[in-house]
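Visitor: My structure file data-v5.cif, mmCIF, C-alpha atoms and all ligand atoms, is below:
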```cif
data_upload
#
loop_
_atom_site.label_atom_id
_atom_site.label_comp_id
_atom_site.auth_asym_id
_atom_site.auth_seq_id
_atom_site.Cartn_x
_atom_site.Cartn_y
_atom_site.Cartn_z
CA MET A 6 0.00 0.00 0.00
CA SER A 7 1.20 3.48 -0.78
CA THR A 8 -0.06 4.83 2.59
CA ASN A 9 -1.28 2.72 5.43
CA THR A 10 -4.00 4.67 7.18
CA GLU A 11 -7.30 2.96 8.10
CA ASP A 12 -9.08 5.24 5.63
CA ASN A 13 -6.98 3.94 2.78
CA LYS A 14 -8.03 0.35 3.52
CA ARG A 15 -11.71 1.28 3.23
CA LYS A 16 -13.56 -0.07 0.20
CA VAL A 17 -13.83 2.52 -2.56
CA THR A 18 -17.41 3.24 -3.61
CA THR A 19 -18.91 5.61 -6.16
CA SER A 20 -19.92 8.03 -3.40
CA ARG A 21 -16.42 7.91 -1.94
CA LEU A 22 -15.03 9.07 -5.29
CA ILE A 23 -17.36 12.08 -5.18
CA GLU A 24 -16.15 12.81 -1.61
CA MET A 25 -12.56 12.61 -2.89
CA LYS A 26 -13.32 15.22 -5.55
CA CYS A 27 -14.89 17.48 -2.90
CA ARG A 28 -11.76 17.15 -0.74
CA GLY A 29 -9.49 17.79 -3.71
CA GLU A 30 -7.95 14.31 -3.34
CA LYS A 31 -6.83 12.96 -6.70
CA ILE A 32 -8.23 9.63 -7.92
CA ALA A 33 -5.89 6.94 -9.29
CA MET A 34 -7.35 4.56 -11.85
CA LEU A 35 -5.59 1.84 -13.85
CA THR A 36 -6.77 -0.94 -16.14
CA ALA A 37 -6.51 -4.63 -15.32
CA TYR A 38 -7.83 -7.68 -17.09
CA ASP A 39 -6.90 -10.67 -14.91
CA TYR A 40 -6.89 -11.90 -11.31
CA SER A 41 -3.14 -11.77 -10.59
CA MET A 42 -2.50 -8.25 -11.87
CA ALA A 43 -5.71 -6.95 -10.29
CA LYS A 44 -4.54 -8.32 -6.93
CA LEU A 45 -1.14 -6.58 -7.22
CA ILE A 46 -2.73 -3.31 -8.33
CA ASP A 47 -5.36 -3.42 -5.59
CA GLU A 48 -2.75 -4.20 -2.93
CA ALA A 49 -0.73 -1.17 -4.09
CA GLY A 50 -3.70 1.03 -3.16
CA MET A 51 -5.41 1.80 -6.48
CA ASP A 52 -8.74 3.63 -6.13
CA VAL A 53 -10.45 2.37 -9.30
CA ILE A 54 -9.64 -0.63 -11.49
CA LEU A 55 -11.03 -0.36 -15.00
CA VAL A 56 -11.62 -3.56 -16.91
CA GLY A 57 -11.15 -1.68 -20.15
CA ASP A 58 -12.07 -2.90 -23.59
CA SER A 59 -8.42 -2.05 -24.28
CA ALA A 60 -8.21 -5.78 -23.42
CA SER A 61 -8.93 -6.11 -27.13
CA ASN A 62 -5.53 -4.53 -27.89
CA VAL A 63 -3.29 -5.63 -25.04
CA MET A 64 -4.76 -9.05 -24.23
CA ALA A 65 -6.23 -10.23 -27.55
CA GLY A 66 -3.83 -8.50 -29.98
CA ASN A 67 -6.53 -6.73 -32.01
CA ILE A 68 -5.88 -3.37 -33.67
CA THR A 69 -9.08 -1.76 -32.35
CA THR A 70 -11.38 -2.28 -29.37
CA LEU A 71 -14.33 -3.15 -31.61
CA PRO A 72 -14.04 -6.97 -31.67
CA MET A 73 -14.46 -7.31 -27.89
CA THR A 74 -17.60 -9.26 -26.96
CA LEU A 75 -19.79 -9.08 -23.88
CA ASP A 76 -18.77 -12.63 -22.90
CA GLN A 77 -15.08 -11.67 -23.13
CA MET A 78 -15.57 -8.52 -21.02
CA ILE A 79 -17.47 -10.54 -18.43
CA TYR A 80 -14.67 -13.13 -18.33
CA HIS A 81 -12.03 -10.44 -17.70
CA ALA A 82 -14.18 -8.53 -15.18
CA LYS A 83 -14.97 -11.70 -13.22
CA SER A 84 -11.24 -12.46 -12.91
CA VAL A 85 -10.43 -8.88 -11.84
CA VAL A 86 -13.20 -8.80 -9.23
CA LYS A 87 -11.80 -11.99 -7.63
CA GLY A 88 -8.42 -10.27 -7.17
CA THR A 89 -9.79 -7.00 -5.81
CA SER A 90 -10.88 -6.14 -2.31
CA ARG A 91 -10.50 -2.34 -1.99
CA ALA A 92 -10.70 -0.72 -5.42
CA LEU A 93 -13.95 0.06 -7.19
CA VAL A 94 -14.17 -2.23 -10.24
CA VAL A 95 -15.63 -0.63 -13.37
CA CYS A 96 -16.22 -2.69 -16.52
CA ASP A 97 -16.35 -1.22 -20.03
CA MET A 98 -19.46 -2.01 -22.03
CA PRO A 99 -18.09 -3.34 -25.33
CA PHE A 100 -18.93 -1.95 -28.76
CA GLY A 101 -22.32 -3.04 -30.05
CA THR A 102 -23.86 -3.91 -26.71
CA TYR A 103 -25.48 -0.54 -25.89
CA GLN A 104 -25.64 1.68 -28.99
CA GLY A 105 -28.54 -0.17 -30.68
CA ASN A 106 -31.37 0.40 -28.24
CA SER A 107 -31.78 1.04 -24.54
CA LYS A 108 -33.41 -2.32 -23.75
CA GLU A 109 -30.45 -4.15 -25.21
CA ALA A 110 -28.13 -1.78 -23.34
CA LEU A 111 -29.82 -2.56 -20.04
CA ALA A 112 -29.72 -6.31 -20.72
CA SER A 113 -25.96 -6.05 -21.44
CA ALA A 114 -25.28 -4.02 -18.29
CA ILE A 115 -27.30 -6.45 -16.18
CA ARG A 116 -25.27 -9.37 -17.52
CA ILE A 117 -22.03 -7.57 -16.59
CA MET A 118 -23.25 -6.84 -13.06
CA LYS A 119 -24.81 -10.28 -12.42
CA GLU A 120 -22.10 -12.45 -13.95
CA SER A 121 -18.90 -10.52 -13.16
CA HIS A 122 -19.85 -8.72 -9.94
CA ALA A 123 -18.22 -5.53 -11.23
CA GLU A 124 -19.58 -2.49 -9.44
CA ALA A 125 -20.17 -0.10 -12.34
CA VAL A 126 -20.06 0.10 -16.12
CA LYS A 127 -18.37 2.61 -18.42
CA MET A 128 -19.93 3.76 -21.70
CA GLU A 129 -18.47 5.84 -24.53
CA GLY A 130 -20.53 8.75 -25.86
CA GLY A 131 -22.83 11.64 -24.96
CA SER A 132 -26.29 12.68 -26.16
CA GLU A 133 -26.40 9.86 -28.77
CA ILE A 134 -26.57 7.22 -26.03
CA ARG A 135 -28.47 9.22 -23.40
CA GLU A 136 -31.51 6.92 -23.45
CA SER A 137 -29.36 3.82 -22.89
CA ILE A 138 -27.46 5.45 -20.02
CA GLU A 139 -30.69 6.58 -18.36
CA ARG A 140 -32.22 3.13 -18.59
CA ILE A 141 -29.14 1.52 -17.05
CA LEU A 142 -29.03 4.14 -14.28
CA SER A 143 -32.72 3.57 -13.56
CA ALA A 144 -31.91 -0.08 -12.81
CA GLY A 145 -29.50 1.05 -10.08
CA ILE A 146 -26.35 0.38 -12.09
CA PRO A 147 -23.70 3.10 -11.68
CA VAL A 148 -22.42 4.49 -14.97
CA MET A 149 -19.09 6.17 -15.71
CA GLY A 150 -19.22 8.29 -18.88
CA HIS A 151 -16.43 8.56 -21.45
CA LEU A 152 -16.03 11.57 -23.78
CA GLY A 153 -13.34 13.04 -26.01
CA LEU A 154 -11.44 10.36 -27.88
CA THR A 155 -13.80 7.39 -27.87
CA PRO A 156 -11.90 4.45 -29.39
CA GLN A 157 -15.09 2.52 -30.21
CA SER A 158 -15.84 5.27 -32.80
CA ILE A 159 -12.46 4.97 -34.55
CA ASN A 160 -14.13 4.14 -37.86
CA LYS A 161 -16.16 7.35 -37.72
CA PHE A 162 -13.18 9.61 -36.95
CA GLY A 163 -10.47 7.63 -38.74
CA THR A 164 -7.73 8.70 -36.32
CA TYR A 165 -6.68 8.58 -32.66
CA ALA A 166 -5.61 12.26 -32.77
CA VAL A 167 -6.46 14.79 -30.03
CA ARG A 168 -10.22 15.54 -29.99
CA ALA A 169 -12.26 18.68 -29.33
CA LYS A 170 -9.64 21.17 -30.49
CA GLU A 171 -12.28 23.04 -32.49
CA GLU A 172 -14.80 25.24 -30.70
CA ALA A 173 -17.91 23.38 -31.88
CA GLU A 174 -16.65 19.99 -30.72
CA ALA A 175 -15.46 21.47 -27.41
CA ALA A 176 -18.89 23.05 -26.84
CA LYS A 177 -20.63 19.72 -27.53
CA LEU A 178 -18.25 17.96 -25.13
CA ILE A 179 -19.05 20.43 -22.33
CA GLN A 180 -22.77 20.03 -23.02
CA ASP A 181 -22.45 16.22 -22.96
CA ALA A 182 -20.43 16.30 -19.71
CA LYS A 183 -23.12 18.40 -18.02
CA MET A 184 -25.83 16.10 -19.36
CA LEU A 185 -24.00 13.02 -17.99
CA GLU A 186 -23.75 14.72 -14.59
CA GLU A 187 -27.41 15.76 -14.67
CA ILE A 188 -28.78 12.29 -15.50
CA GLY A 189 -26.73 10.71 -12.71
CA CYS A 190 -23.41 9.33 -13.96
CA PHE A 191 -21.03 9.05 -10.98
CA ALA A 192 -17.85 9.95 -12.89
CA LEU A 193 -16.53 10.76 -16.31
CA VAL A 194 -13.43 9.81 -18.32
CA LEU A 195 -12.05 12.46 -20.68
CA GLU A 196 -9.62 11.02 -23.20
CA LYS A 197 -7.06 12.91 -25.26
CA ILE A 198 -8.46 16.46 -25.30
CA PRO A 199 -6.76 19.81 -24.64
CA ALA A 200 -5.86 20.26 -20.96
CA THR A 201 -7.60 23.64 -20.74
CA LEU A 202 -10.89 22.13 -21.90
CA ALA A 203 -10.59 19.17 -19.49
CA THR A 204 -9.85 21.54 -16.59
CA LYS A 205 -12.91 23.60 -17.45
CA VAL A 206 -15.12 20.49 -17.49
CA ALA A 207 -13.71 19.33 -14.13
CA GLN A 208 -14.47 22.76 -12.65
CA GLU A 209 -17.99 22.89 -14.06
CA VAL A 210 -19.29 19.46 -13.08
CA SER A 211 -19.61 18.08 -9.55
CA ILE A 212 -18.78 14.48 -10.51
CA PRO A 213 -15.13 13.30 -10.66
CA VAL A 214 -13.43 13.73 -14.02
CA ILE A 215 -10.70 11.18 -14.72
CA GLY A 216 -8.34 12.09 -17.52
CA ILE A 217 -6.13 10.18 -19.94
CA GLY A 218 -4.14 12.59 -22.07
CA ALA A 219 -6.28 15.41 -20.66
CA GLY A 220 -3.74 17.20 -18.47
CA GLY A 221 -3.40 17.70 -14.72
CA GLY A 222 -6.39 19.95 -14.04
CA VAL A 223 -8.84 17.05 -13.68
CA ASP A 224 -9.77 15.00 -10.60
CA GLY A 225 -7.82 11.86 -11.39
CA GLN A 226 -5.82 9.95 -13.98
CA VAL A 227 -6.19 6.63 -15.77
CA LEU A 228 -3.64 4.71 -17.83
CA VAL A 229 -3.60 1.34 -19.53
CA MET A 230 -1.58 -0.98 -17.31
CA HIS A 231 0.44 -2.58 -20.13
CA ASP A 232 1.51 0.87 -21.38
CA MET A 233 2.57 2.33 -18.01
CA LEU A 234 4.42 -0.83 -16.96
CA GLY A 235 6.32 -0.93 -20.26
CA ILE A 236 4.91 -4.32 -21.30
CA ASN A 237 3.61 -2.81 -24.50
CA LYS A 238 6.41 -0.62 -25.83
CA GLY A 239 4.95 -0.08 -29.30
CA PHE A 240 2.65 2.67 -28.04
CA SER A 241 4.27 5.96 -26.96
CA PRO A 242 1.83 8.88 -26.98
CA LYS A 243 2.98 12.15 -25.39
CA PHE A 244 0.67 11.68 -22.39
CA LEU A 245 2.09 8.30 -21.38
CA ARG A 246 4.53 8.06 -18.47
CA ARG A 247 6.28 4.70 -18.17
CA TYR A 248 6.80 3.55 -14.58
CA ALA A 249 8.64 0.31 -15.39
CA ASP A 250 10.33 -1.51 -18.24
CA LEU A 251 8.72 -4.90 -17.78
CA SER A 252 9.28 -5.97 -21.38
CA THR A 253 13.06 -5.82 -20.81
CA ILE A 254 12.79 -7.52 -17.40
CA ILE A 255 10.60 -10.30 -18.82
CA ASN A 256 12.80 -10.74 -21.89
CA GLU A 257 15.93 -11.06 -19.73
CA ALA A 258 14.29 -13.49 -17.31
CA VAL A 259 12.88 -15.68 -20.08
CA SER A 260 16.20 -15.68 -22.02
CA HIS A 261 17.99 -16.66 -18.81
CA TYR A 262 15.51 -19.54 -18.27
CA ILE A 263 15.98 -20.74 -21.88
CA ASP A 264 19.79 -20.72 -21.40
CA ASP A 265 19.50 -22.62 -18.13
CA VAL A 266 17.29 -25.29 -19.72
CA LYS A 267 19.54 -25.63 -22.79
CA THR A 268 22.69 -25.93 -20.68
CA SER A 269 21.02 -28.30 -18.17
CA ASP A 270 21.73 -25.79 -15.41
CA PHE A 271 18.02 -25.99 -14.51
CA PRO A 272 16.83 -27.92 -12.58
CA SER A 273 19.63 -28.32 -10.05
CA GLU A 274 19.90 -31.06 -7.37
CA SER A 275 17.94 -28.89 -4.95
CA GLU A 276 15.18 -28.26 -7.46
CA GLN A 277 14.12 -31.89 -7.86
CA TYR A 278 12.47 -34.62 -5.76
O1 LIG B 301 -10.44 0.63 -22.45
C1 LIG B 301 -9.72 1.37 -21.77
O2 LIG B 301 -8.66 0.98 -21.29
C2 LIG B 301 -10.17 2.74 -21.54
C3 LIG B 301 -9.19 3.69 -20.93
C4 LIG B 301 -8.16 4.08 -21.91
C5 LIG B 301 -9.87 4.86 -20.33
O3 LIG B 301 -11.27 3.08 -21.86
#
```
Here is the file; what I need is its structure written in the form of structure tokens.
Ligand code: KIV

Guide:
Amino acid sequence: MSTNTEDNKRKVTTSRLIEMKCRGEKIAMLTAYDYSMAKLIDEAGMDVILVGDSASNVMAGNITTLPMTLDQMIYHAKSVVKGTSRALVVCDMPFGTYQGNSKEALASAIRIMKESHAEAVKMEGGSEIRESIERILSAGIPVMGHLGLTPQSINKFGTYAVRAKEEAEAAKLIQDAKMLEEIGCFALVLEKIPATLATKVAQEVSIPVIGIGAGGGVDGQVLVMHDMLGINKGFSPKFLRRYADLSTIINEAVSHYIDDVKTSDFPSESEQY
């Protein structure tokens, strides 16, 4: 644990995140997709673990997040929940499971909650998906919004470049953020937008705003675990800070193991029965 006070051992809930924003305490969020990593991340004191549909990229090797299915998200979320005791676990709703109609959206969210035991869902988009978000909220399922760069819409925009640089798009984003707050979302992710715009949104809404590539003026930060731990070194956007070089550590350890097997150094006398 980063700090060891009693308060820091307390389970993180959606209302606790809102309290954190009120106190000016920053919120740390990181993705995880499996039991073992979720356990390590939770034990380190993470506030929110996001079972992101970035699993499509970093776990399944796809180019976009679009192929992820509801069954796959539930599988990952179920594993993460088993490894987590303190952090709030939020599961992404995958592409195609909530954009069609609100009944289908609710059915998808209910499956996530019932089968994975995640505590909230995250959905990409604003006014276009308002009806689906409202229906899910009305069933008592907490929803985290996601605006700015929304990777599930990559085929519409054709690029992962910074969003909302133009006035019209920035105005729509602010309007959507306020709408998400008003209908009852408990938090909001802003991805890859100008820092000044993200700061303005964080100041104008009462719910926590978690940024990724959105500067330091928001209420918290989220990164993809594989990127920040240096497992996935092929992705180096300006906003990414690498906290470890696990790809080098793993490569060295695995090469060492291969050498030991090839030279019959492993197993030794003490490593056998
Ligand atoms: O899927 C994901 O990992 C995400 C984060 C980048 C916010 O949505």

Visitor: Taking all atoms listed in the file into account, list the residues no farther than 9 Å from ligand LIG 301 (chain B), as a PDB file with C-alpha atoms, in the frame of the given file.

Guide:
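The result, written out as result.pdb:
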```pdb
ATOM      1  CA  MET A  34      -7.350   4.560 -11.850  1.00  0.00           C
ATOM      2  CA  LEU A  35      -5.590   1.840 -13.850  1.00  0.00           C
ATOM      3  CA  THR A  36      -6.770  -0.940 -16.140  1.00  0.00           C
ATOM      4  CA  ALA A  37      -6.510  -4.630 -15.320  1.00  0.00           C
ATOM      5  CA  LEU A  55     -11.030  -0.360 -15.000  1.00  0.00           C
ATOM      6  CA  VAL A  56     -11.620  -3.560 -16.910  1.00  0.00           C
ATOM      7  CA  GLY A  57     -11.150  -1.680 -20.150  1.00  0.00           C
ATOM      8  CA  ASP A  58     -12.070  -2.900 -23.590  1.00  0.00           C
ATOM      9  CA  SER A  59      -8.420  -2.050 -24.280  1.00  0.00           C
ATOM     10  CA  ALA A  60      -8.210  -5.780 -23.420  1.00  0.00           C
ATOM     11  CA  SER A  61      -8.930  -6.110 -27.130  1.00  0.00           C
ATOM     12  CA  ASN A  62      -5.530  -4.530 -27.890  1.00  0.00           C
ATOM     13  CA  THR A  70     -11.380  -2.280 -29.370  1.00  0.00           C
ATOM     14  CA  CYS A  96     -16.220  -2.690 -16.520  1.00  0.00           C
ATOM     15  CA  ASP A  97     -16.350  -1.220 -20.030  1.00  0.00           C
ATOM     16  CA  LYS A 127     -18.370   2.610 -18.420  1.00  0.00           C
ATOM     17  CA  MET A 128     -19.930   3.760 -21.700  1.00  0.00           C
ATOM     18  CA  GLU A 129     -18.470   5.840 -24.530  1.00  0.00           C
ATOM     19  CA  HIS A 151     -16.430   8.560 -21.450  1.00  0.00           C
ATOM     20  CA  THR A 155     -13.800   7.390 -27.870  1.00  0.00           C
ATOM     21  CA  PRO A 156     -11.900   4.450 -29.390  1.00  0.00           C
ATOM     22  CA  VAL A 194     -13.430   9.810 -18.320  1.00  0.00           C
ATOM     23  CA  LEU A 195     -12.050  12.460 -20.680  1.00  0.00           C
ATOM     24  CA  GLU A 196      -9.620  11.020 -23.200  1.00  0.00           C
ATOM     25  CA  ILE A 215     -10.700  11.180 -14.720  1.00  0.00           C
ATOM     26  CA  GLY A 216      -8.340  12.090 -17.520  1.00  0.00           C
ATOM     27  CA  ILE A 217      -6.130  10.180 -19.940  1.00  0.00           C
ATOM     28  CA  VAL A 227      -6.190   6.630 -15.770  1.00  0.00           C
ATOM     29  CA  LEU A 228      -3.640   4.710 -17.830  1.00  0.00           C
ATOM     30  CA  VAL A 229      -3.600   1.340 -19.530  1.00  0.00           C
ATOM     31  CA  MET A 230      -1.580  -0.980 -17.310  1.00  0.00           C
TER      32      MET A 230
END
```

Visitor: Which value, in Å to one decimal, gives the distance between CA of Asp47 in chain A and CA of Cys27 in chain A?

Guide: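 Spanning CA of Asp47 in chain A to CA of Cys27 in chain A is a straight-line distance of 23.1 Å.
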
Visitor: Kindly list the centre and edge lengths in Å, rounded to one decimal, for the axis-aligned box that covers all listed atoms of range 205-218 of chain A plus 3 Å on each of its six sides, as AutoDock Vina command-line options.

Guide:
```
--center_x -11.9 --center_y 16.9 --center_z -15.8 --size_x 21.5 --size_y 19.4 --size_z 18.5
```

Visitor: Residues of range 136-205 of chain A that approach range 19-26 of chain A to 12 Å or less, counting only C-alpha atoms: could you list each one with the shortest pair of atoms and its distance in Å to one decimal, rows by chain and increasing residue number, as JSON lines?

Guide:
```
{"residue": "A:Ile146", "atom": "CA", "partner": "A:Thr19", "partner_atom": "CA", "distance": 10.9}
{"residue": "A:Pro147", "atom": "CA", "partner": "A:Thr19", "partner_atom": "CA", "distance": 7.7}
{"residue": "A:Val148", "atom": "CA", "partner": "A:Thr19", "partner_atom": "CA", "distance": 9.5}
{"residue": "A:Met149", "atom": "CA", "partner": "A:Thr19", "partner_atom": "CA", "distance": 9.6}
{"residue": "A:Glu186", "atom": "CA", "partner": "A:Ile23", "partner_atom": "CA", "distance": 11.7}
{"residue": "A:Gly189", "atom": "CA", "partner": "A:Thr19", "partner_atom": "CA", "distance": 11.4}
{"residue": "A:Cys190", "atom": "CA", "partner": "A:Thr19", "partner_atom": "CA", "distance": 9.7}
{"residue": "A:Phe191", "atom": "CA", "partner": "A:Thr19", "partner_atom": "CA", "distance": 6.3}
{"residue": "A:Ala192", "atom": "CA", "partner": "A:Ile23", "partner_atom": "CA", "distance": 8.0}
{"residue": "A:Leu193", "atom": "CA", "partner": "A:Ile23", "partner_atom": "CA", "distance": 11.2}
```

Visitor: Nearest to Gly50 in chain A among A:Lys83, A:Arg28, A:Lys243, A:Lys16, with distances taken over only C-alpha atoms: which residue is it?

Guide: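 Ranked by minimum distance to Gly50 in chain A, first place goes to A:Lys16.
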
Visitor: Which is closer to Glu30 in chain A than all the others in A:Pro272, A:Ile254, A:Ile46, A:Asp52, using all atoms listed in the file?

Guide: A:Asp52

Visitor: What does the distance between CA of Tyr165 in chain A and CA of Pro213 in chain A come to in Å, to one decimal place?

Guide: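 Going from CA of Tyr165 in chain A over to CA of Pro213 in chain A, I get 24.0 Å.
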
Visitor: Between CA of Lys31 in chain A and CA of Ser90 in chain A, what is the spacing in Å?

Guide: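 CA of Ser90 in chain A sits 20.0 Å away from CA of Lys31 in chain A.
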
Visitor: So which one's closest to Leu178 in chain A, A:Gly105, A:Gly131, A:Gly220, A:Gly145? Using all atoms listed in the file, please.

Guide: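 The closest residue to Leu178 in chain A is A:Gly131.
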
Visitor: Which residues come within 12 Å of Glu133 in chain A, counting only C-alpha atoms, excluding same-chain residues fewer than 2 positions away, as a PyMOL selection string?

Guide: chain A and resi 103-107+128-131+135-139+152+177+181+184-185

Visitor: Range 232-239 of chain A: which residues within 8 Å, counting only C-alpha atoms, same-chain residues fewer than 4 positions away excluded, as a list of chain:residue names?

Guide: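 What passes the distance filter is A:Val63, A:Leu228, A:Leu245, A:Arg246, A:Arg247, A:Tyr248, A:Ala249, A:Asp250, A:Leu251, A:Ser252.
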
Visitor: Keeping C-alpha atoms, export the residues of the selection given above as a PDB file, in the coordinates of the input.

Guide:
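What ended up in result-v7.pdb:
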```pdb
ATOM      1  CA  VAL A  63      -3.290  -5.630 -25.040  1.00  0.00           C
ATOM      2  CA  LEU A 228      -3.640   4.710 -17.830  1.00  0.00           C
ATOM      3  CA  LEU A 245       2.090   8.300 -21.380  1.00  0.00           C
ATOM      4  CA  ARG A 246       4.530   8.060 -18.470  1.00  0.00           C
ATOM      5  CA  ARG A 247       6.280   4.700 -18.170  1.00  0.00           C
ATOM      6  CA  TYR A 248       6.800   3.550 -14.580  1.00  0.00           C
ATOM      7  CA  ALA A 249       8.640   0.310 -15.390  1.00  0.00           C
ATOM      8  CA  ASP A 250      10.330  -1.510 -18.240  1.00  0.00           C
ATOM      9  CA  LEU A 251       8.720  -4.900 -17.780  1.00  0.00           C
ATOM     10  CA  SER A 252       9.280  -5.970 -21.380  1.00  0.00           C
TER      11      SER A 252
END
```

Visitor: Rank nothing, just name the residue among A:Gln157, A:Ala200, A:Pro99, A:Ser132 nearest to Gln180 in chain A, using all atoms listed in the file.

Guide: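 Among the listed residues, the smallest separation from Gln180 in chain A belongs to A:Ser132.
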
Visitor: Between A:Ala123, A:Ile255, A:Phe162, A:Ile68, single out the one closest to Phe240 in chain A, counting only C-alpha atoms.

Guide: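 Looking at the shortest contact to Phe240 in chain A, the residue is A:Ile68.
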
Visitor: My list of candidates is A:Ala173, A:Ser211, A:Lys87, A:Asp264. Which is closest to Glu187 in chain A when distances are computed with all atoms listed in the file?

Guide: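 Among the listed residues, the smallest separation from Glu187 in chain A belongs to A:Ser211.
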
Visitor: Could you add N, CA, C and O atoms to range 51-64 of chain A and give me the result as a CSV table (one decimal), in the frame of the given file?

Guide:
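Ended up saving to selection_39.csv:
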```
chain,number,residue,atom,x,y,z
A,51,MET,N,-4.7,1.1,-5.4
A,51,MET,CA,-5.4,1.8,-6.5
A,51,MET,C,-6.8,2.1,-6.1
A,51,MET,O,-7.5,1.3,-5.3
A,52,ASP,N,-7.4,3.3,-6.5
A,52,ASP,CA,-8.7,3.6,-6.1
A,52,ASP,C,-9.8,2.9,-7.0
A,52,ASP,O,-10.8,2.4,-6.6
A,53,VAL,N,-9.5,3.0,-8.3
A,53,VAL,CA,-10.4,2.4,-9.3
A,53,VAL,C,-9.7,1.5,-10.3
A,53,VAL,O,-8.6,1.8,-10.8
A,54,ILE,N,-10.2,0.3,-10.5
A,54,ILE,CA,-9.6,-0.6,-11.5
A,54,ILE,C,-10.7,-0.7,-12.6
A,54,ILE,O,-11.8,-1.0,-12.4
A,55,LEU,N,-10.2,-0.3,-13.8
A,55,LEU,CA,-11.0,-0.4,-15.0
A,55,LEU,C,-10.7,-1.6,-15.8
A,55,LEU,O,-9.6,-1.8,-16.2
A,56,VAL,N,-11.7,-2.4,-16.0
A,56,VAL,CA,-11.6,-3.6,-16.9
A,56,VAL,C,-12.0,-3.0,-18.3
A,56,VAL,O,-13.1,-2.9,-18.7
A,57,GLY,N,-10.9,-2.4,-18.9
A,57,GLY,CA,-11.2,-1.7,-20.2
A,57,GLY,C,-11.3,-2.6,-21.3
A,57,GLY,O,-10.8,-3.7,-21.4
A,58,ASP,N,-12.0,-2.1,-22.4
A,58,ASP,CA,-12.1,-2.9,-23.6
A,58,ASP,C,-10.8,-2.8,-24.4
A,58,ASP,O,-10.6,-3.4,-25.4
A,59,SER,N,-9.8,-2.0,-23.8
A,59,SER,CA,-8.4,-2.0,-24.3
A,59,SER,C,-7.9,-3.5,-24.2
A,59,SER,O,-6.8,-3.8,-24.7
A,60,ALA,N,-8.6,-4.3,-23.4
A,60,ALA,CA,-8.2,-5.8,-23.4
A,60,ALA,C,-8.1,-6.3,-24.9
A,60,ALA,O,-7.3,-7.2,-25.2
A,61,SER,N,-8.9,-5.7,-25.7
A,61,SER,CA,-8.9,-6.1,-27.1
A,61,SER,C,-7.5,-5.9,-27.7
A,61,SER,O,-7.1,-6.8,-28.5
A,62,ASN,N,-6.9,-4.8,-27.4
A,62,ASN,CA,-5.5,-4.5,-27.9
A,62,ASN,C,-4.5,-5.3,-27.1
A,62,ASN,O,-3.7,-6.1,-27.7
A,63,VAL,N,-4.4,-5.1,-25.8
A,63,VAL,CA,-3.3,-5.6,-25.0
A,63,VAL,C,-3.4,-7.1,-24.6
A,63,VAL,O,-2.4,-7.7,-24.4
A,64,MET,N,-4.6,-7.6,-24.6
A,64,MET,CA,-4.8,-9.0,-24.2
A,64,MET,C,-5.0,-9.9,-25.5
A,64,MET,O,-4.5,-11.0,-25.6
```
